[in-house]
file entry_5.csv (CSV, C-alpha atoms)
chain,number,residue,atom,x,y,z
A,7,MET,CA,147.9,126.3,138.3
A,8,LYS,CA,146.0,129.1,136.4
A,9,ARG,CA,144.6,126.4,134.1
A,10,MET,CA,143.5,124.3,137.0
A,11,THR,CA,141.8,127.3,138.6
A,12,ALA,CA,140.1,128.2,135.3
A,13,LEU,CA,138.9,124.6,135.0
A,14,LEU,CA,137.6,124.6,138.5
A,15,ILE,CA,135.7,127.9,138.0
A,16,ALA,CA,134.3,126.5,134.7
A,17,ALA,CA,133.1,123.4,136.5
A,18,LEU,CA,131.4,125.3,139.3
A,19,LEU,CA,129.9,128.1,137.2
A,20,PRO,CA,126.9,126.2,136.0
A,21,PHE,CA,125.7,125.8,139.6
A,22,ALA,CA,126.3,129.4,140.5
A,23,ALA,CA,123.2,130.4,138.6
A,24,GLY,CA,121.0,128.6,141.0
A,25,PRO,CA,117.9,126.5,140.3
A,26,VAL,CA,115.1,127.5,138.0
A,27,SER,CA,112.6,126.6,140.6
A,28,GLY,CA,112.6,126.0,144.3
A,29,HIS,CA,111.1,123.2,146.2
A,30,VAL,CA,108.3,121.6,144.3
A,31,GLY,CA,104.9,120.9,145.6
A,32,GLY,CA,102.1,122.7,143.8
A,33,GLU,CA,104.1,123.4,140.6
A,34,GLN,CA,101.9,120.9,138.8
A,35,PRO,CA,99.4,118.4,139.9
A,36,ILE,CA,100.9,115.2,141.0
A,37,PRO,CA,101.1,112.8,138.0
A,38,LEU,CA,98.9,109.7,138.6
A,39,ASP,CA,101.2,107.2,136.9
A,40,PHE,CA,104.5,105.3,137.3
A,41,ILE,CA,108.0,105.4,135.8
A,42,THR,CA,110.5,102.6,135.8
A,43,GLY,CA,113.9,101.9,134.3
A,44,GLY,CA,117.3,100.4,134.4
A,45,GLY,CA,120.4,101.1,132.4
A,46,TRP,CA,123.9,102.4,132.1
A,47,PHE,CA,125.4,105.6,130.7
A,48,ILE,CA,128.5,107.7,130.3
A,49,ILE,CA,128.4,110.7,132.6
A,50,GLN,CA,128.1,114.0,130.7
A,51,PRO,CA,129.1,117.5,131.8
A,52,PRO,CA,128.3,119.4,133.9
A,53,THR,CA,129.0,117.3,137.0
A,54,ALA,CA,129.5,117.6,140.7
A,55,GLY,CA,131.4,115.1,142.8
A,56,THR,CA,132.3,113.0,139.8
A,57,SER,CA,133.9,113.4,136.3
A,58,PRO,CA,132.5,113.4,132.8
A,59,GLY,CA,133.3,110.1,131.1
A,60,ASN,CA,132.7,107.9,134.1
A,61,ARG,CA,130.4,104.9,133.6
A,62,ALA,CA,127.3,104.7,135.8
A,63,ASN,CA,124.5,102.1,136.3
A,64,PHE,CA,121.1,102.7,137.7
A,65,GLY,CA,117.8,100.9,138.5
A,66,TRP,CA,115.0,103.1,139.7
A,67,HIS,CA,111.2,103.5,139.8
A,68,GLY,CA,108.7,106.0,141.2
A,69,GLY,CA,105.1,107.0,141.2
A,70,VAL,CA,102.1,107.2,143.4
A,71,LYS,CA,100.0,104.3,144.6
A,72,ASN,CA,97.0,104.0,147.0
A,73,GLY,CA,97.5,107.5,148.3
A,74,ASP,CA,101.2,107.2,149.0
A,75,TRP,CA,104.5,107.9,147.3
A,76,TRP,CA,105.9,104.8,145.6
A,77,GLY,CA,109.4,103.9,144.5
A,78,ASN,CA,112.9,102.7,145.1
A,79,GLY,CA,116.2,102.7,143.4
A,80,ASN,CA,119.9,102.1,143.3
A,81,TYR,CA,122.8,103.8,141.5
A,82,ILE,CA,126.5,103.1,141.1
A,83,ASP,CA,129.2,105.5,139.7
A,84,HIS,CA,132.0,103.2,138.6
A,85,GLY,CA,134.5,106.1,138.4
A,86,THR,CA,134.2,107.2,142.0
A,87,GLY,CA,132.8,104.0,143.5
A,88,LEU,CA,129.7,105.8,144.8
A,89,HIS,CA,126.8,103.6,145.7
A,90,VAL,CA,123.4,105.2,146.3
A,91,ARG,CA,120.4,103.3,147.7
A,92,SER,CA,116.9,104.9,148.1
A,93,THR,CA,115.3,104.3,151.5
A,94,GLU,CA,112.2,106.6,151.2
A,95,VAL,CA,110.3,108.4,148.4
A,96,THR,CA,109.1,111.9,149.3
A,97,GLY,CA,107.9,113.2,145.9
A,98,TYR,CA,107.0,112.5,142.3
A,99,VAL,CA,106.8,115.3,139.9
A,100,ARG,CA,106.0,115.7,136.2
A,101,ILE,CA,108.5,117.8,134.2
A,102,GLY,CA,107.3,119.5,131.1
A,103,THR,CA,104.6,118.0,129.0
A,104,ASP,CA,103.9,114.4,128.1
A,105,GLY,CA,103.7,113.0,124.7
A,106,THR,CA,102.9,109.7,122.9
A,107,ASP,CA,105.3,107.4,121.2
A,108,PRO,CA,104.1,107.2,117.6
A,109,GLN,CA,105.3,103.7,117.2
A,110,THR,CA,103.8,102.1,120.3
A,111,GLY,CA,101.1,104.6,121.4
A,112,GLN,CA,102.5,104.5,124.9
A,113,PRO,CA,103.1,107.7,126.9
A,114,THR,CA,106.4,109.5,126.9
A,115,GLY,CA,107.6,112.1,129.3
A,116,THR,CA,109.9,113.1,132.2
A,117,ARG,CA,109.4,112.5,135.9
A,118,ASP,CA,111.5,113.4,139.0
A,119,VAL,CA,111.5,111.0,141.9
A,120,CYS,CA,112.6,112.6,145.2
A,121,GLY,CA,113.5,111.0,148.5
A,122,ILE,CA,116.1,110.0,151.0
A,123,ALA,CA,119.0,107.6,150.3
A,124,THR,CA,122.0,106.1,152.0
A,125,THR,CA,125.4,106.3,150.3
A,126,ASN,CA,128.8,105.0,150.9
A,127,GLN,CA,130.5,108.4,150.4
A,128,PHE,CA,128.1,111.1,151.7
A,129,GLY,CA,126.2,109.3,154.4
A,130,THR,CA,122.4,109.9,154.3
A,131,VAL,CA,121.4,112.3,151.6
A,132,ARG,CA,118.3,113.8,150.0
A,133,TYR,CA,118.0,112.9,146.3
A,134,ARG,CA,116.3,114.1,143.2
A,135,VAL,CA,116.4,111.7,140.3
A,136,ARG,CA,115.3,112.6,136.8
A,137,MET,CA,114.0,109.9,134.4
A,138,LYS,CA,113.1,110.8,130.8
A,139,ASP,CA,111.3,108.4,128.6
A,140,ASN,CA,111.9,109.5,125.0
A,141,GLY,CA,110.0,106.5,123.4
A,142,GLU,CA,111.2,103.1,122.1
A,143,PRO,CA,113.8,101.9,121.9
A,144,GLY,CA,115.3,103.5,124.9
A,145,ARG,CA,118.5,104.8,123.4
A,146,GLN,CA,117.4,108.4,123.7
A,147,ASP,CA,116.1,108.0,127.3
A,148,LYS,CA,118.0,109.9,129.9
A,149,PHE,CA,118.7,109.5,133.6
A,150,GLY,CA,120.1,112.0,136.1
A,151,ILE,CA,120.8,112.0,139.8
A,152,SER,CA,121.5,114.9,142.2
A,153,LEU,CA,122.4,114.4,145.9
A,154,PHE,CA,122.1,116.9,148.7
A,155,VAL,CA,123.6,116.9,152.2
A,156,ASP,CA,122.4,120.4,153.1
A,157,ALA,CA,120.3,123.0,151.4
A,158,GLY,CA,122.0,124.5,148.4
A,159,GLN,CA,124.1,123.0,145.8
A,160,PRO,CA,124.3,119.3,145.2
A,161,VAL,CA,127.3,117.3,146.5
A,162,TYR,CA,126.8,115.0,143.6
A,163,PHE,CA,125.3,115.6,140.2
A,164,ALA,CA,125.5,113.3,137.2
A,165,TRP,CA,123.4,112.5,134.1
A,166,GLY,CA,123.6,110.8,130.7
A,167,SER,CA,121.8,109.3,127.8
A,168,LEU,CA,121.1,105.5,127.4
A,169,GLY,CA,123.0,105.1,124.2
A,170,ASP,CA,122.3,108.1,121.9
A,171,PRO,CA,124.5,110.0,121.1
A,172,THR,CA,126.8,108.7,123.8
A,173,ASP,CA,127.5,105.1,124.9
A,174,GLY,CA,124.8,103.5,127.1
A,175,GLY,CA,122.0,101.1,127.2
A,176,GLY,CA,118.8,100.1,128.9
A,177,ASN,CA,115.3,101.6,128.9
A,178,ILE,CA,113.1,104.0,130.9
A,179,GLN,CA,109.3,103.4,130.7
A,180,LEU,CA,106.6,105.8,131.6
A,181,HIS,CA,103.5,103.8,132.5
A,182,LYS,CA,100.0,105.1,132.3
A,183,GLY,CA,98.3,104.8,135.7
A,184,ASN,CA,95.7,102.4,136.8
A,185,ASN,CA,92.9,102.8,139.4
A,186,SER,CA,95.5,102.4,142.3
A,187,ASN,CA,97.2,105.7,141.3
A,188,THR,CA,95.7,108.0,143.9
A,189,ALA,CA,97.8,111.0,145.1
A,190,PRO,CA,99.2,111.4,148.6
A,191,GLU,CA,97.6,114.2,150.7
A,192,THR,CA,101.0,115.6,151.5
A,193,PRO,CA,102.7,117.7,148.8
A,194,ALA,CA,105.9,116.5,147.1
A,195,ASP,CA,109.0,117.3,149.0
A,196,CYS,CA,111.9,117.6,146.6
A,197,PRO,CA,115.3,119.3,146.6
A,198,ASP,CA,116.0,122.0,144.1
A,199,ASP,CA,115.9,121.3,140.4
A,200,TYR,CA,119.4,121.5,138.9
A,201,PHE,CA,118.6,119.4,135.9
A,202,THR,CA,116.4,121.9,134.0
A,203,PRO,CA,119.0,124.7,133.9
A,204,HIS,CA,122.1,122.6,133.6
A,205,ALA,CA,121.4,119.2,132.1
A,206,PHE,CA,118.1,118.2,130.6
A,207,SER,CA,114.4,118.7,131.1
B,21,MET,CA,44.3,75.7,144.6
B,22,SER,CA,43.1,73.4,141.7
B,23,HIS,CA,45.2,70.5,140.5
B,24,SER,CA,45.9,72.1,137.1
B,25,LEU,CA,47.0,75.4,138.7
B,26,PHE,CA,49.4,73.5,141.0
B,27,LEU,CA,50.9,71.7,138.0
B,28,ARG,CA,51.2,74.9,136.1
B,29,GLY,CA,53.1,76.4,139.0
B,30,VAL,CA,55.4,73.4,139.2
B,31,ALA,CA,56.1,73.7,135.5
B,32,VAL,CA,57.0,77.4,135.7
B,33,GLY,CA,59.2,76.7,138.7
B,34,ALA,CA,61.0,74.0,136.8
B,35,ALA,CA,61.5,76.2,133.8
B,36,VAL,CA,63.0,79.0,135.9
B,37,TRP,CA,65.4,76.5,137.6
B,38,ALA,CA,66.4,75.1,134.3
B,39,LEU,CA,67.3,78.6,133.0
B,40,LEU,CA,69.3,79.3,136.2
B,41,ALA,CA,71.1,76.0,136.1
B,42,TRP,CA,72.0,76.2,132.4
B,43,PRO,CA,75.8,76.5,132.2
B,44,ALA,CA,76.6,79.9,130.8
B,45,ALA,CA,79.9,80.7,129.2
B,46,GLY,CA,81.5,84.1,130.0
B,47,ALA,CA,84.8,85.8,129.5
B,48,ALA,CA,86.8,87.8,132.0
B,49,GLN,CA,89.6,90.1,130.9
B,50,THR,CA,92.8,89.3,132.6
B,51,VAL,CA,96.3,90.7,133.1
B,52,ASN,CA,99.5,88.7,133.1
B,53,GLY,CA,102.7,90.4,134.3
B,54,PHE,CA,106.0,89.3,135.8
B,55,ALA,CA,109.6,90.4,135.9
B,56,ALA,CA,112.8,89.1,137.5
B,57,ALA,CA,116.5,89.6,137.4
B,58,ALA,CA,116.7,85.8,137.2
B,59,ASP,CA,114.3,83.0,137.3
B,60,GLY,CA,114.7,79.2,136.7
B,61,LYS,CA,116.9,76.5,138.2
B,62,VAL,CA,120.6,75.9,138.6
B,63,ALA,CA,121.8,72.3,139.0
B,64,GLY,CA,118.3,71.2,139.7
B,65,VAL,CA,117.7,73.8,142.5
B,66,PRO,CA,115.1,76.6,141.9
B,67,ALA,CA,116.9,80.0,141.6
B,68,ALA,CA,115.2,83.4,141.6
B,69,LEU,CA,116.6,86.9,141.9
B,70,GLY,CA,114.7,90.2,142.1
B,71,HIS,CA,111.4,88.5,141.5
B,72,THR,CA,108.3,90.8,141.4
B,73,GLY,CA,105.7,88.1,141.7
B,74,THR,CA,102.8,88.1,139.2
B,75,LEU,CA,100.3,90.8,138.8
B,76,ALA,CA,97.2,90.1,140.9
B,77,ASP,CA,94.7,92.2,138.8
B,78,GLU,CA,94.4,95.3,136.5
B,79,ASN,CA,95.0,97.6,139.5
B,80,ASP,CA,98.3,96.1,140.5
B,81,ALA,CA,101.9,97.4,140.2
B,82,ARG,CA,104.9,95.6,141.5
B,83,ALA,CA,108.6,96.4,141.6
B,84,VAL,CA,111.8,95.3,143.2
B,85,SER,CA,115.1,97.3,143.6
B,86,MET,CA,118.2,95.8,145.0
B,87,PRO,CA,121.7,97.2,145.2
B,88,ASP,CA,123.1,93.8,144.5
B,89,GLY,CA,122.3,90.2,145.0
B,90,GLY,CA,122.9,86.6,144.1
B,91,ALA,CA,121.0,83.5,143.3
B,92,SER,CA,123.0,80.3,143.4
B,93,THR,CA,126.1,81.0,141.3
B,94,LEU,CA,124.7,84.2,139.8
B,95,THR,CA,125.6,87.7,141.0
B,96,GLY,CA,124.6,91.1,139.8
B,97,GLN,CA,124.2,94.8,140.8
B,98,VAL,CA,121.6,97.5,140.6
B,99,ILE,CA,118.9,95.0,140.2
B,100,GLU,CA,115.6,96.4,139.0
B,101,ALA,CA,112.4,94.6,138.1
B,102,ALA,CA,108.9,95.9,137.6
B,103,THR,CA,105.5,94.8,136.3
B,104,ILE,CA,102.7,97.3,136.0
B,105,SER,CA,99.2,97.2,134.8
B,106,SER,CA,98.2,100.4,133.0
B,107,ILE,CA,94.6,99.5,132.6
B,108,GLN,CA,91.7,101.8,133.4
B,109,GLY,CA,89.0,101.0,131.0
B,110,TRP,CA,90.3,98.1,128.9
B,111,ASP,CA,90.5,100.3,125.8
B,112,SER,CA,93.2,100.4,123.1
B,113,LEU,CA,95.3,102.9,125.0
B,114,ASP,CA,95.7,100.5,128.0
B,115,PHE,CA,98.5,98.0,128.3
B,116,VAL,CA,100.6,95.9,130.7
B,117,SER,CA,104.3,96.3,130.7
B,118,SER,CA,107.2,94.7,132.5
B,119,GLY,CA,110.9,95.2,132.7
B,120,ALA,CA,114.0,93.7,134.4
B,121,SER,CA,117.6,94.7,134.4
B,122,LEU,CA,120.9,94.1,136.2
B,123,ALA,CA,124.5,95.2,135.8
B,124,ASP,CA,127.9,93.5,136.3
B,125,VAL,CA,126.5,90.1,135.8
B,126,SER,CA,128.5,87.0,136.7
B,127,LEU,CA,127.4,83.4,136.4
B,128,SER,CA,129.7,80.5,137.2
B,129,LEU,CA,128.7,76.9,136.2
B,130,ALA,CA,130.8,73.8,135.7
B,131,GLY,CA,133.1,74.8,132.8
B,132,LEU,CA,131.1,77.9,131.9
B,133,GLY,CA,131.8,81.4,133.1
B,134,VAL,CA,129.3,84.0,131.8
B,135,ALA,CA,129.8,87.7,132.3
B,136,ALA,CA,127.9,90.8,131.1
B,137,GLY,CA,128.1,94.5,131.8
B,138,PHE,CA,124.4,94.9,131.5
B,139,LEU,CA,121.4,92.8,130.8
B,140,GLY,CA,117.9,94.2,130.4
B,141,ALA,CA,114.5,93.0,129.0
B,142,ASP,CA,111.3,94.8,128.4
B,143,ALA,CA,107.9,93.5,127.4
B,144,VAL,CA,104.6,95.3,126.6
B,145,ALA,CA,101.1,93.9,125.8
B,146,PRO,CA,98.6,96.5,124.6
B,147,VAL,CA,94.9,95.7,125.0
B,148,GLY,CA,93.7,94.5,121.6
B,149,GLY,CA,97.1,94.7,120.1
B,150,SER,CA,100.1,92.5,119.5
B,151,PRO,CA,102.5,92.0,122.5
B,152,SER,CA,106.2,92.9,121.9
B,153,GLY,CA,109.5,93.2,123.7
B,154,THR,CA,113.2,94.0,123.4
B,155,SER,CA,116.4,93.1,125.1
B,156,THR,CA,119.6,95.0,125.9
B,157,ILE,CA,122.8,93.0,126.1
B,158,THR,CA,126.1,94.8,126.8
B,159,GLY,CA,129.6,93.3,127.2
B,160,LEU,CA,128.6,89.6,127.1
B,161,ALA,CA,131.5,87.2,127.4
B,162,VAL,CA,131.8,83.5,128.0
B,163,ASN,CA,135.0,82.2,129.6
B,164,GLY,CA,136.5,85.6,128.9
B,165,VAL,CA,135.8,85.6,125.2
B,166,PRO,CA,133.4,88.3,123.9
B,167,VAL,CA,130.1,86.9,122.4
B,168,TYR,CA,128.8,88.7,119.3
B,169,VAL,CA,125.2,89.8,119.8
B,170,SER,CA,123.3,90.0,116.6
B,171,GLY,CA,120.2,91.6,118.0
B,172,ALA,CA,117.9,89.0,116.4
B,173,PRO,CA,115.4,87.2,118.5
B,174,ASN,CA,116.4,83.8,119.9
B,175,GLN,CA,120.0,83.9,118.9
B,176,ARG,CA,121.6,80.7,120.0
B,177,VAL,CA,125.2,80.1,121.0
B,178,TYR,CA,126.5,76.7,121.8
B,179,PHE,CA,129.2,75.7,124.3
B,180,PRO,CA,130.1,72.2,125.5
B,181,GLY,CA,127.2,71.1,127.7
B,182,PHE,CA,125.3,74.4,127.5
B,183,THR,CA,123.2,76.4,125.1
B,184,LEU,CA,122.9,80.2,125.5
B,185,THR,CA,119.8,81.9,124.0
B,186,LEU,CA,120.2,85.7,123.6
B,187,ASN,CA,117.2,88.0,123.3
B,188,GLU,CA,114.8,85.1,123.8
B,189,VAL,CA,111.3,85.9,122.8
B,190,ARG,CA,108.4,83.6,123.6
B,191,LYS,CA,105.2,84.9,122.2
B,192,THR,CA,101.5,84.0,122.1
B,193,THR,CA,98.6,86.0,120.7
B,194,SER,CA,98.0,87.6,124.1
B,195,SER,CA,101.4,87.6,125.9
B,196,VAL,CA,105.1,87.8,125.4
B,197,THR,CA,108.1,86.8,127.6
B,198,VAL,CA,111.4,88.4,126.8
B,199,SER,CA,114.6,87.2,128.4
B,200,ALA,CA,117.9,88.9,127.7
B,201,LEU,CA,119.8,85.7,128.3
B,202,ARG,CA,118.8,82.1,128.9
B,203,VAL,CA,121.4,79.5,130.0
B,204,ALA,CA,120.4,75.9,129.6
B,205,SER,CA,122.5,72.8,130.3
B,206,TRP,CA,122.1,69.9,128.0
B,207,ASP,CA,121.3,67.6,130.9
B,208,GLY,CA,118.3,69.7,131.8
B,209,LEU,CA,119.4,70.5,135.3
B,210,THR,CA,120.2,74.1,134.7
B,211,ASN,CA,117.7,76.4,132.9
B,212,LEU,CA,118.0,80.0,134.0
B,213,ALA,CA,116.5,83.1,132.4
B,214,ILE,CA,118.5,86.3,133.3
B,215,ALA,CA,116.6,89.6,133.0
B,216,THR,CA,113.2,88.3,132.1
B,217,ALA,CA,110.0,90.1,131.6
B,218,THR,CA,106.5,88.9,130.8
B,219,ALA,CA,103.5,91.0,129.8
B,220,GLY,CA,100.0,89.9,128.6
B,221,VAL,CA,96.4,90.8,128.4
B,222,GLY,CA,93.7,88.4,127.5
B,223,THR,CA,90.4,86.8,128.4
B,224,SER,CA,89.8,83.7,130.5
B,225,SER,CA,86.5,81.9,129.8
B,226,PHE,CA,84.4,80.7,132.7
B,227,SER,CA,81.0,79.1,133.2
B,228,SER,CA,78.6,79.5,136.0
B,229,PRO,CA,76.7,76.4,137.0
B,230,LEU,CA,73.8,78.7,138.1
B,231,GLY,CA,73.8,80.5,134.8
B,232,LEU,CA,74.7,83.7,136.6
B,233,ARG,CA,77.4,86.1,135.5

call {"tool": "encode", "arguments": {"input": "entry_5.csv", "output": "structure tokens"}}
result
Amino acid sequence: MKRMTALLIAALLPFAAGPVSGHVGGEQPIPLDFITGGGWFIIQPPTAGTSPGNRANFGWHGGVKNGDWWGNGNYIDHGTGLHVRSTEVTGYVRIGTDGTDPQTGQPTGTRDVCGIATTNQFGTVRYRVRMKDNGEPGRQDKFGISLFVDAGQPVYFAWGSLGDPTDGGGNIQLHKGNNSNTAPETPADCPDDYFTPHAFS
Amino acid sequence: MSHSLFLRGVAVGAAVWALLAWPAAGAAQTVNGFAAAADGKVAGVPAALGHTGTLADENDARAVSMPDGGASTLTGQVIEAATISSIQGWDSLDFVSSGASLADVSLSLAGLGVAAGFLGADAVAPVGGSPSGTSTITGLAVNGVPVYVSGAPNQRVYFPGFTLTLNEVRKTTSSVTVSALRVASWDGLTNLAIATATAGVGTSSFSSPLGLR
């Protein structure tokens, strides 16, 4: 029992520290580009609402287009049976600084896509998805998802790498924008960032 | 107006008309992008799943996300397809890229059961550069037997009545189409690309009958 309690405390501790930043909107200018990707990964610690080692699949995209938020996505946790389906995008945020893939000359970087989703386990949720393009091939790309029912800690938190160093596959691609990438007038509306302090940035 | 002045005017007018009417060759820069979870035909019937449609112009971006879906005898989950033009000035940093992926794939044909944990394809065509692409194939099995994936382009595996092409790459100087898996029947009735992405940039020549560009 003591061991169980210790494990539970250890699992919850990472989230007790709270987010590095609050709701976004104004942290950085809205990136005028797109990010897309699909793949699978093995969920890594820390987690919430799932367990490390579970296999997950995702297909997601986000950006800004013609003065509006742009995106959609789907996610499955094969360990818990969770299905997530985006119904609305409310924000698109640059995380850190962008780079350039020396092999392809294409941009690399991290974006958060935020919005509202339906799920088969938590009902309607707010979500914040993190997509990291680490260059080609996509083995070192990363994907993470956090789901919120109320303000505060996420009811679900999972992330992983698309093949390096853990099992996975797929690709995340950051796309330089075109002339349709104009920013919305409304600021990004995103739940708190639990990725930067607990998983990856 | 004298007769010679009139003739001179007619001659000048004719020369101007001839210049305008001279067919002029020109070149317009074009984008070519498309992605789909599946595209082709099954048993002679057109089959498409998670189809983005083709890029309309250099300011276009198209994407499709579906939790699951099926086309004919094909099913899959977390279907994602996108084709995006990243062109602002037609310089060397601009490109067109497309990608498609789906998980938990199942295809049932007469005597052939194809399954895969994940199939993905990505294609990119930089302005002034060589187009390229890659595939991701995980857990491919035919009739329950795992299929070895070499990673080489256009790996072919033969089964009675069918040819499977893994990591199919069809390339021209200006565009590339990458399909993680193509299933083709020997009778020609089934030819289905699963997780397929096309990206291209190029020029299309045109001529104006009025000599205007």

call {"tool": "residues_near_point", "arguments": {"input": "entry_5.csv", "point": "(120.2, 98.4, 136.6)", "cutoff": "7 Å", "atoms": "only C-alpha atoms", "output": "PyMOL selection string"}}
result
(chain A and resi 44-45+63-65) or (chain B and resi 97-100+121-123)

call {"tool": "closest_atom_pairs", "arguments": {"input": "entry_5.csv", "of": "stretch 69-161 of chain B", "to": "stretch 169-175 of chain B", "cutoff": "9 Å", "atoms": "all atoms listed in the file", "output": "JSON lines"}}
result
{"residue": "B:Thr154", "atom": "CA", "partner": "B:Pro173", "partner_atom": "CA", "distance": 8.7}
{"residue": "B:Ser155", "atom": "CA", "partner": "B:Gly171", "partner_atom": "CA", "distance": 8.2}
{"residue": "B:Thr156", "atom": "CA", "partner": "B:Gly171", "partner_atom": "CA", "distance": 8.6}
{"residue": "B:Ile157", "atom": "CA", "partner": "B:Val169", "partner_atom": "CA", "distance": 7.5}
{"residue": "B:Thr158", "atom": "CA", "partner": "B:Val169", "partner_atom": "CA", "distance": 8.6}
{"residue": "B:Leu160", "atom": "CA", "partner": "B:Val169", "partner_atom": "CA", "distance": 8.1}

call {"tool": "write_last_selection", "arguments": {"input": "entry_5.csv", "atoms": "C-alpha atoms", "output": "PDB file, keeping the file's coordinate frame"}}
result
ATOM      1  CA  THR B 154     113.200  94.000 123.400  1.00  0.00           C
ATOM      2  CA  SER B 155     116.400  93.100 125.100  1.00  0.00           C
ATOM      3  CA  THR B 156     119.600  95.000 125.900  1.00  0.00           C
ATOM      4  CA  ILE B 157     122.800  93.000 126.100  1.00  0.00           C
ATOM      5  CA  THR B 158     126.100  94.800 126.800  1.00  0.00           C
ATOM      6  CA  LEU B 160     128.600  89.600 127.100  1.00  0.00           C
TER       7      LEU B 160
END

call {"tool": "residues_around", "arguments": {"input": "entry_5.csv", "residues": "B:Gln108", "least_positions_apart": "5", "cutoff": "10 Å", "atoms": "all atoms listed in the file", "output": "list in words"}}
result
Lys182, Gly183, Asn184, Asn185 and Ser186 of chain A; Glu78, Asn79, Leu113, Asp114 and Phe115 of chain B

call {"tool": "closest_residue", "arguments": {"input": "entry_5.csv", "among": "B:Arg82, B:Lys191, B:Arg202, B:Arg176", "to": "chain A", "atoms": "all atoms listed in the file"}}
result
B:Arg82

call {"tool": "residues_around", "arguments": {"input": "entry_5.csv", "residues": "A:Thr93", "least_positions_apart": "6", "cutoff": "10 Å", "atoms": "only C-alpha atoms", "output": "list in words"}}
result
Gly77, Asn78, Gly79, Asn80, Gly121, Ile122, Ala123, Thr124 and Thr130 of chain A

call {"tool": "interface_residues", "arguments": {"input": "entry_5.csv", "of": "chain A", "to": "chain B", "cutoff": "10 Å", "atoms": "all atoms listed in the file", "output": "mmCIF file with C-alpha atoms, in the frame of the given file"}}
result
data_model
loop_
_atom_site.group_PDB
_atom_site.id
_atom_site.type_symbol
_atom_site.label_atom_id
_atom_site.label_comp_id
_atom_site.auth_asym_id
_atom_site.auth_seq_id
_atom_site.Cartn_x
_atom_site.Cartn_y
_atom_site.Cartn_z
ATOM 1 C CA ASP A 39 101.200 107.200 136.900
ATOM 2 C CA PHE A 40 104.500 105.300 137.300
ATOM 3 C CA ILE A 41 108.000 105.400 135.800
ATOM 4 C CA THR A 42 110.500 102.600 135.800
ATOM 5 C CA GLY A 43 113.900 101.900 134.300
ATOM 6 C CA GLY A 44 117.300 100.400 134.400
ATOM 7 C CA GLY A 45 120.400 101.100 132.400
ATOM 8 C CA TRP A 46 123.900 102.400 132.100
ATOM 9 C CA ALA A 62 127.300 104.700 135.800
ATOM 10 C CA ASN A 63 124.500 102.100 136.300
ATOM 11 C CA PHE A 64 121.100 102.700 137.700
ATOM 12 C CA GLY A 65 117.800 100.900 138.500
ATOM 13 C CA TRP A 66 115.000 103.100 139.700
ATOM 14 C CA HIS A 67 111.200 103.500 139.800
ATOM 15 C CA GLY A 68 108.700 106.000 141.200
ATOM 16 C CA LYS A 71 100.000 104.300 144.600
ATOM 17 C CA TRP A 76 105.900 104.800 145.600
ATOM 18 C CA GLY A 77 109.400 103.900 144.500
ATOM 19 C CA ASN A 78 112.900 102.700 145.100
ATOM 20 C CA GLY A 79 116.200 102.700 143.400
ATOM 21 C CA ASN A 80 119.900 102.100 143.300
ATOM 22 C CA TYR A 81 122.800 103.800 141.500
ATOM 23 C CA ILE A 82 126.500 103.100 141.100
ATOM 24 C CA HIS A 89 126.800 103.600 145.700
ATOM 25 C CA VAL A 90 123.400 105.200 146.300
ATOM 26 C CA ARG A 91 120.400 103.300 147.700
ATOM 27 C CA SER A 92 116.900 104.900 148.100
ATOM 28 C CA THR A 110 103.800 102.100 120.300
ATOM 29 C CA GLY A 111 101.100 104.600 121.400
ATOM 30 C CA GLN A 112 102.500 104.500 124.900
ATOM 31 C CA PRO A 113 103.100 107.700 126.900
ATOM 32 C CA GLU A 142 111.200 103.100 122.100
ATOM 33 C CA PRO A 143 113.800 101.900 121.900
ATOM 34 C CA GLY A 144 115.300 103.500 124.900
ATOM 35 C CA GLY A 174 124.800 103.500 127.100
ATOM 36 C CA GLY A 175 122.000 101.100 127.200
ATOM 37 C CA GLY A 176 118.800 100.100 128.900
ATOM 38 C CA ASN A 177 115.300 101.600 128.900
ATOM 39 C CA ILE A 178 113.100 104.000 130.900
ATOM 40 C CA GLN A 179 109.300 103.400 130.700
ATOM 41 C CA LEU A 180 106.600 105.800 131.600
ATOM 42 C CA HIS A 181 103.500 103.800 132.500
ATOM 43 C CA LYS A 182 100.000 105.100 132.300
ATOM 44 C CA GLY A 183 98.300 104.800 135.700
ATOM 45 C CA ASN A 184 95.700 102.400 136.800
ATOM 46 C CA ASN A 185 92.900 102.800 139.400
ATOM 47 C CA SER A 186 95.500 102.400 142.300
ATOM 48 C CA ASN A 187 97.200 105.700 141.300
#

call {"tool": "closest_residue", "arguments": {"input": "entry_5.csv", "among": "B:Thr74, B:Asn211, B:Thr218, B:Ser92", "to": "B:Thr185", "atoms": "only C-alpha atoms"}}
result
B:Asn211

call {"tool": "atom_distance", "arguments": {"input": "entry_5.csv", "atom1": "atom CA of B:Thr193", "atom2": "atom CA of B:Ala143"}}
result
13.7 Å

call {"tool": "residues_around", "arguments": {"input": "entry_5.csv", "residues": "A:Phe206", "least_positions_apart": "3", "cutoff": "9 Å", "atoms": "only C-alpha atoms", "output": "JSON list (two decimals) with C-alpha atoms, in the frame of the given file"}}
result
[["chain", "number", "residue", "atom", "x", "y", "z"],
["A", 136, "ARG", "CA", 115.30, 112.60, 136.80],
["A", 138, "LYS", "CA", 113.10, 110.80, 130.80],
["A", 148, "LYS", "CA", 118.00, 109.90, 129.90],
["A", 150, "GLY", "CA", 120.10, 112.00, 136.10],
["A", 165, "TRP", "CA", 123.40, 112.50, 134.10],
["A", 201, "PHE", "CA", 118.60, 119.40, 135.90],
["A", 202, "THR", "CA", 116.40, 121.90, 134.00],
["A", 203, "PRO", "CA", 119.00, 124.70, 133.90]]
